[in-house]
Each structure stands twice: as C-alpha cells, then as structure tokens.
Amino acid sequence: MSKGLKTAVGLLLTGIMLFPVYWMLNVSLTRDQDMRKSPPDLFPAHPTLEGYRAVLDQQLPYLGTSLVIGLGTVVLTVALAAPAGFALAKLRPRGGGILSFVLLAAQMIPGIIMAMGFYAIYLQLGLLQSVPGLIVADSTLAVPFAVLIFTAFMSGIPGELLQAAQMDGARPLRTFWSVVLPMSRNSVVTVSLFAFLWSWSDFIFASTLVNGGAHEPITLGIYHYIGNNNQQWNAIMATAAVASLPAAVILVLAQRYVAAGVTAGAVKG
C-alpha cells in the first residue's frame with residue numbers, strides 16, 4: 001500500500017471516528033425549529049448560541065462540582081498511589097507480589113458492585129450526597145491503575161541515585177520526596193490525567209451516591225436534561241460539548257507526558 005493511500009485511509013477512519021463529535025457540535029448550534037428537518041442539515045443553516053446560553057444559565061453548578069471532584073480525585077489518587085508505587089518498586093515489602101496481583105484484580109470488579117458497597121457504607125457514615133464521598137469512591141477506580149503505573153516507572157530509576165541519597169543521610173521518605181517524585185513527573189502527569197478523566201466521566205458512582213443532592217456532577221446534569229424529556233437538544237449537545245472541552249484540552253496539553261509515562265515501564269523495566 002502506497003504512503004498516499006495509507007494517509008487517505010487513515011484520514012477516512014479518523015473522520016468516521018470523529019463524526020459523532022462533529023454532529024454533537026452541529027446540533028448544539030442548530031435552532032429548535034430546524035432540529036427535525038429531513039434530511040438534516042450537515043451544517044447549521046441558521047446557527048444559534050441558545051444551547052450554550054442554557055449551559056451558562058443551568059449547567060455551571062454541575063460543571064463546577066465536576067471540576068472540584070476531578071481535582072480532589074487527582075490529589076487523593078497521587079497522594080495514595082505514589083508512595084505505594086515507590087514502596088513496591090524500591091523498598092520490596094514482604095507480600096508485594098500478592099499486593100500487585102490484588103491491585104490488578106481490583107480493576108476487574110464491576111463498578112456497580114463497588115457502588116452498592118459504598119452506598120451501604122456511606123449510609124452508615126452519613127456521606128451520601130457529599131462531594132468528599134464521591135471523591136473517595138472515584139479514587140478507588142484510579143488508585144489500582146496508578147499504583148501499577150508508578151511501580152513500573154519507579155522500578156526504572158537507577159538504584160545508585162537512591163544509594164547516594166542514603167549516604168547523604170536521607171531517610172526513605174526524604175528520598176521519595178526529593179529524588180524519586182521529581183524524576184517521576186511523566187508518571188504523575190499520566191496518573192493525574194487518567195484519574196481526572198475517570199472522575200469527570202463517572203456516572204455509576206454519581207447516580208448511586210449523590211443523585212438528588214445539592215452537589216451533582218455534570219454527568220448527572222446531562223442525564224437530568226434527557227430524563228425530563230427535554231426537547232432542547234441543542235442545549236443537551238451544548239452541555240456535552242462544554243463538558244468534553246476540559247478533558248480534551250488537558251489530553252492535548254499532556255499527551256507527550258502520557259505517552260512517556262505509559263511506556264516507561266516497558267522501556268525501563
């Protein structure tokens with residue numbers, strides 16, 4: 001296959017995969033009276049920003065809550081997973097292999113089962129319909145993956161650097177904070193990105209643990225729009241477009257760090 005044909009096929013497949021995104025943007029700019037035209041307009045004949053005005057009027061609280069939950073999940077995930085990855089990679093604790101297997105198995109547990117478990121626990125603790133409770137729940141999705149990423153990356157850090165730090169009198173915690181963590185920037189960015197994306201797009205935990213509360217994430221905001229038989233599809237798609245924007249921007253800005261972080265274990269391990 002020639003290079004030009006490969007490029008054409010690649011562009012065609014990319015266009016097919018991105019068409020739903022384009023259609024979301026198209027509908028978000030379409031007037032209500034043009035929504036059911038047959039055939040539909042491939043481009044908005046009379047573009048309107050009414051859908052985006054509805055987002056500003058009605059969806060900003062949901063977006064703000066999702067941002068707080070996402071950032072909280074990132075902080076908690078990195079705070080728990082980075083030291084755990086360092087311990088598994090460099091301190092070699094007894095039972096570390098079993099722990100790694102348990103973390104891998106934890107990622108196979110269906111989310112709805114975990115949501116029911118959290119519901120029973122939060123009901124007793126009074127954490128239902130709370131942002132901190134949802135942050136903790138979302139972190140359980142990210143921490144096992146994060147520990148494995150940190151372990152793979154930190155295993156490739158030369159032991160001589162750690163020995164030099166020990167000779168200078170640094171204890172393990174100091175070595176982790178001053179030597180290992182700064183060298184693990186790529187893995188920190190990778191873990192942070194995935195933790196944010198998982199929490200930002202979470203629906204199972206949100207609908208189970210905070211549905212009906214005062215602080216609901218954007219996934220529930222979109223769900224309520226549709227569930228109430230709302231006919232303002234331009235507003236629904238505008239909400240989806242705005243909700244997708246932070247994740248898309250972060251992914252574009254961090255993609256080189258993500259690639260390095262994900263492949264570090266295979267290259268250095």
# chains A, B, ... in the order shown; residues from 1 in each chain; ligands from 1

call {"tool": "closest_atom_pairs", "arguments": {"of": "segment 38-151 of chain A", "to": "segment 172-196 of chain A", "cutoff": "12 Å", "atoms": "only C-alpha atoms", "output": "tab-separated table"}}
result
residue	atom	partner	partner_atom	distance
A:Ser66	CA	A:Phe196	CA	9.5
A:Leu67	CA	A:Phe196	CA	8.7
A:Val68	CA	A:Phe196	CA	10.1
A:Ile69	CA	A:Phe196	CA	8.4
A:Gly70	CA	A:Phe196	CA	4.8
A:Leu71	CA	A:Phe196	CA	6.6
A:Gly72	CA	A:Phe196	CA	8.7
A:Thr73	CA	A:Ala195	CA	6.4
A:Val74	CA	A:Ser192	CA	5.2
A:Val75	CA	A:Ser192	CA	7.9
A:Leu76	CA	A:Ala195	CA	9.5
A:Thr77	CA	A:Ala195	CA	7.1
A:Val78	CA	A:Ser192	CA	7.0
A:Ala79	CA	A:Val188	CA	10.3
A:Leu80	CA	A:Val191	CA	11.5
A:Ala81	CA	A:Val191	CA	9.0
A:Ala82	CA	A:Leu181	CA	7.8
A:Pro83	CA	A:Phe176	CA	7.5
A:Ala84	CA	A:Phe176	CA	10.7
A:Gly85	CA	A:Phe176	CA	10.4
A:Phe86	CA	A:Phe176	CA	7.2
A:Ala87	CA	A:Pro172	CA	9.2
A:Ala89	CA	A:Val180	CA	10.9
A:Lys90	CA	A:Pro172	CA	9.7
A:Leu91	CA	A:Pro172	CA	8.6
A:Ile135	CA	A:Ala195	CA	10.4
A:Val136	CA	A:Ala195	CA	11.6
A:Ala137	CA	A:Ala195	CA	11.6
A:Asp138	CA	A:Ala195	CA	8.1
A:Ser139	CA	A:Ala195	CA	7.2
A:Thr140	CA	A:Ala195	CA	9.7
A:Leu141	CA	A:Ala195	CA	7.9
A:Ala142	CA	A:Ala195	CA	5.3
A:Val143	CA	A:Ala195	CA	8.2
A:Pro144	CA	A:Val191	CA	10.5
A:Phe145	CA	A:Val191	CA	8.0
A:Ala146	CA	A:Val191	CA	5.5
A:Val147	CA	A:Val191	CA	8.9
A:Leu148	CA	A:Val191	CA	10.0
A:Ile149	CA	A:Ser187	CA	6.7
A:Phe150	CA	A:Ser187	CA	6.2
A:Thr151	CA	A:Ser187	CA	9.6

call {"tool": "select_by_dssp", "arguments": {"residues": "segment 46-257 of chain A", "states": "helix (DSSP H, G or I)", "output": "PyMOL selection string"}}
result
chain A and resi 50-91+96-106+111-125+131-154+159-167+172-183+185-201+204-209+218-227+233-257

call {"tool": "residues_around", "arguments": {"residues": "Glu50 of chain A", "least_positions_apart": "6", "cutoff": "10 Å", "atoms": "only C-alpha atoms", "output": "PyMOL selection string"}}
result
chain A and resi 28-32+56+232+234-235+238

call {"tool": "atom_distance", "arguments": {"atom1": "atom CA of Val249 of chain A", "atom2": "atom CA of Phe43 of chain A"}}
result
24.2 Å

call {"tool": "closest_residue", "arguments": {"among": "A:Phe153, A:Tyr122, A:Tyr62, A:Tyr22", "to": "Gly221 of chain A", "atoms": "only C-alpha atoms"}}
result
A:Tyr62

call {"tool": "residues_around", "arguments": {"residues": "Val27 of chain A", "least_positions_apart": "6", "cutoff": "12 Å", "atoms": "only C-alpha atoms", "output": "PyMOL selection string"}}
result
chain A and resi 20-21+33-37+40-52+232-241

call {"tool": "write_last_selection", "arguments": {"atoms": "C-alpha atoms", "output": "mmCIF file, in the first residue's frame"}}
result
data_model
loop_
_atom_site.group_PDB
_atom_site.id
_atom_site.type_symbol
_atom_site.label_atom_id
_atom_site.label_comp_id
_atom_site.auth_asym_id
_atom_site.auth_seq_id
_atom_site.Cartn_x
_atom_site.Cartn_y
_atom_site.Cartn_z
ATOM 1 C CA PRO A 20 -20.144 11.921 16.305
ATOM 2 C CA VAL A 21 -18.141 14.763 17.831
ATOM 3 C CA GLN A 33 -37.304 24.540 14.671
ATOM 4 C CA ASP A 34 -34.560 23.126 12.430
ATOM 5 C CA MET A 35 -33.887 20.133 14.637
ATOM 6 C CA ARG A 36 -36.249 17.688 12.895
ATOM 7 C CA LYS A 37 -35.616 18.651 9.284
ATOM 8 C CA PRO A 40 -30.930 17.166 8.473
ATOM 9 C CA ASP A 41 -28.502 19.972 7.705
ATOM 10 C CA LEU A 42 -24.868 18.899 7.629
ATOM 11 C CA PHE A 43 -24.059 22.467 8.640
ATOM 12 C CA PRO A 44 -26.282 24.740 10.763
ATOM 13 C CA ALA A 45 -28.211 26.864 8.273
ATOM 14 C CA HIS A 46 -29.112 29.392 10.968
ATOM 15 C CA PRO A 47 -26.601 28.868 13.801
ATOM 16 C CA THR A 48 -27.656 29.854 17.289
ATOM 17 C CA LEU A 49 -25.956 30.021 20.667
ATOM 18 C CA GLU A 50 -29.148 29.397 22.639
ATOM 19 C CA GLY A 51 -27.877 25.985 23.701
ATOM 20 C CA TYR A 52 -24.691 27.477 25.106
ATOM 21 C CA GLN A 232 -33.879 21.299 23.738
ATOM 22 C CA TRP A 233 -31.389 19.026 22.043
ATOM 23 C CA ASN A 234 -29.177 21.952 21.178
ATOM 24 C CA ALA A 235 -28.834 22.654 24.910
ATOM 25 C CA ILE A 236 -28.161 18.978 25.624
ATOM 26 C CA MET A 237 -25.446 18.794 22.979
ATOM 27 C CA ALA A 238 -24.009 22.144 24.054
ATOM 28 C CA THR A 239 -23.737 20.772 27.583
ATOM 29 C CA ALA A 240 -21.985 17.671 26.263
ATOM 30 C CA ALA A 241 -19.614 19.830 24.196
#

call {"tool": "atom_distance", "arguments": {"atom1": "atom CA of Leu63 of chain A", "atom2": "atom CA of Trp200 of chain A"}}
result
9.3 Å

call {"tool": "atom_distance", "arguments": {"atom1": "atom CA of Asn26 of chain A", "atom2": "atom CA of Thr219 of chain A"}}
result
20.6 Å
